[in-house]
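Step one of this worksheet: look at the structure below.
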Amino acid sequence: MPAGASRPKGEDGRRTALETTMSQGKKFTAAAAKVDPAKLYDVPQAVALVKSGAFAKFNETVEIALRLGVDPKHADQMVRGTVVLPHGLGKSTRVAVVASGEKIKEAEEAGADVVGGDDLVQKISGGFLDFEALVATPDMMKSLGRLGKVLGPKGLMPNPKAGTVTFEIGKAVKELKAGKIEFRVDKTAIIHVPVGKVSFGEQQLVENAEALLAAVQRAKPSSAKGKYLRSVTLSSTMGPGVPVDPAALEKAHGRTA
């Protein structure tokens, strides 16, 4: 390469995929260097590190991963629940409602994006899934039940435990619009959920994370023995994980390891 010549790029003058990958790798390494792997951080410290380590050009999601001391194979150790995050998730959730009679009007007045009865069930059966949460009145679950294979794998099937099978349609819709999220332990005993965006203020992320962590601890099964919170990690979409001290969390919320 002649002296002073620039590094070759793609034919359109942009970075090649290899150069982009190398650049991202350097940024990740730099962000990871800020995290002491031998240290357990409190939530405010972890949030500060996650925000300072975010390097993507898009507004990354901030996520929490919790490994729990439960055995999800046993029904009495299944951990699931809901929580309304104080500051939401940085976007409005698109909510669909399956109801009948006056409940259709109630859903519309509460701000539901898609509302219907058997006609909406038929539309979903035909492949319509342009929503992120689905609420139904109990009397409509018979019609929705046959769509389990469509809605179940996508986590969209309404469930009484999640507050999405209810006659209080207006309340359910408003909570989902305000930032209500559902958490559920997977078969590897891990809960993985978003708590905001890196564009949020530190205090907003701290409060969202604390609300989620408190809800998970309240959902601890009575049959779970030993240490409940095995590990807690906070991260952004592209950034490194920051380990949070689970013992401090359990103590703060009245739990013992």
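Chains: A, B, ... in order of the structure tokens. Residues: from 1 per chain. Ligands: from 1, in order shown.
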Subject >> 6 Å contact set for Val195 in chain A, only C-alpha atoms, chain neighbours under 5 positions out, as a PyMOL selection string >> reply: chain A and resi 62-63+208-209
Pull all heavy atoms from the residues just selected and write them as a PDB file, in the first residue's frame.
ATOM      1  N   VAL A  62     -31.584  -2.317  28.200  1.00  0.00           N
ATOM      2  CA  VAL A  62     -30.903  -2.755  29.421  1.00  0.00           C
ATOM      3  C   VAL A  62     -31.670  -3.950  29.964  1.00  0.00           C
ATOM      4  O   VAL A  62     -32.895  -3.905  30.106  1.00  0.00           O
ATOM      5  CB  VAL A  62     -30.854  -1.626  30.474  1.00  0.00           C
ATOM      6  CG1 VAL A  62     -30.189  -2.117  31.756  1.00  0.00           C
ATOM      7  CG2 VAL A  62     -30.081  -0.436  29.908  1.00  0.00           C
ATOM      8  N   GLU A  63     -30.948  -5.032  30.234  1.00  0.00           N
ATOM      9  CA  GLU A  63     -31.579  -6.291  30.608  1.00  0.00           C
ATOM     10  C   GLU A  63     -31.014  -6.842  31.915  1.00  0.00           C
ATOM     11  O   GLU A  63     -29.857  -6.580  32.256  1.00  0.00           O
ATOM     12  CB  GLU A  63     -31.363  -7.323  29.493  1.00  0.00           C
ATOM     13  CG  GLU A  63     -31.852  -6.845  28.135  1.00  0.00           C
ATOM     14  CD  GLU A  63     -31.287  -7.645  26.973  1.00  0.00           C
ATOM     15  OE1 GLU A  63     -30.097  -8.022  27.042  1.00  0.00           O
ATOM     16  OE2 GLU A  63     -32.031  -7.882  26.008  1.00  0.00           O
ATOM     17  N   ASN A 208     -36.418   0.958  38.016  1.00  0.00           N
ATOM     18  CA  ASN A 208     -37.022  -0.138  37.253  1.00  0.00           C
ATOM     19  C   ASN A 208     -36.424  -1.481  37.668  1.00  0.00           C
ATOM     20  O   ASN A 208     -37.141  -2.470  37.859  1.00  0.00           O
ATOM     21  CB  ASN A 208     -36.798   0.076  35.758  1.00  0.00           C
ATOM     22  CG  ASN A 208     -37.857   0.964  35.118  1.00  0.00           C
ATOM     23  OD1 ASN A 208     -38.744   1.474  35.788  1.00  0.00           O
ATOM     24  ND2 ASN A 208     -37.759   1.145  33.811  1.00  0.00           N
ATOM     25  N   ALA A 209     -35.096  -1.519  37.786  1.00  0.00           N
ATOM     26  CA  ALA A 209     -34.420  -2.759  38.157  1.00  0.00           C
ATOM     27  C   ALA A 209     -34.821  -3.208  39.559  1.00  0.00           C
ATOM     28  O   ALA A 209     -35.088  -4.388  39.800  1.00  0.00           O
ATOM     29  CB  ALA A 209     -32.902  -2.578  38.083  1.00  0.00           C
TER      30      ALA A 209
END
Nearby residues (only C-alpha atoms) at most 7 Å from Ile104 in chain A, same-chain spacing under 4 positions excluded, as a CSV table (one decimal) with N, CA and C atoms, in the first residue's frame:
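Final output, out.csv:
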chain,number,residue,atom,x,y,z
A,99,ALA,N,-62.7,-9.6,23.6
A,99,ALA,CA,-63.8,-9.4,24.5
A,99,ALA,C,-65.1,-9.4,23.8
A,100,SER,N,-66.2,-9.1,24.6
A,100,SER,CA,-67.5,-9.0,24.0
A,100,SER,C,-68.3,-8.0,24.7
A,108,GLU,N,-61.4,-0.1,24.3
A,108,GLU,CA,-61.1,1.0,23.4
A,108,GLU,C,-60.9,2.2,24.1
A,115,VAL,N,-59.0,-4.4,19.0
A,115,VAL,CA,-60.1,-4.9,19.9
A,115,VAL,C,-61.1,-5.7,19.0
A,116,GLY,N,-61.5,-6.8,19.5
A,116,GLY,CA,-62.5,-7.6,18.8
A,116,GLY,C,-63.0,-8.8,19.6
Subject >> Shell of 9 Å around range 154-163 of chain A, only C-alpha atoms, local chain residues under 5 positions omitted, as a PyMOL selection string >> reply: chain A and resi 80-82+131-136+138+141+144-145+147-148+172+181-183
**OP:** Go through A:Asp139, A:Asp36, A:Glu60, A:Asp71 one by one, measure the shortest atom-to-atom distance of each to Ile190 in chain A using only C-alpha atoms, and give the residue with the smallest value.
**Re:** A:Asp71
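Across the model, the gap from CA of Leu213 in chain A to CA of Gly69 in chain A is 14.7 Å.
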Original post:
What gap, in Å, lies between CA of Pro246 in chain A and CA of Lys91 in chain A?
Top reply: 28.9 Å
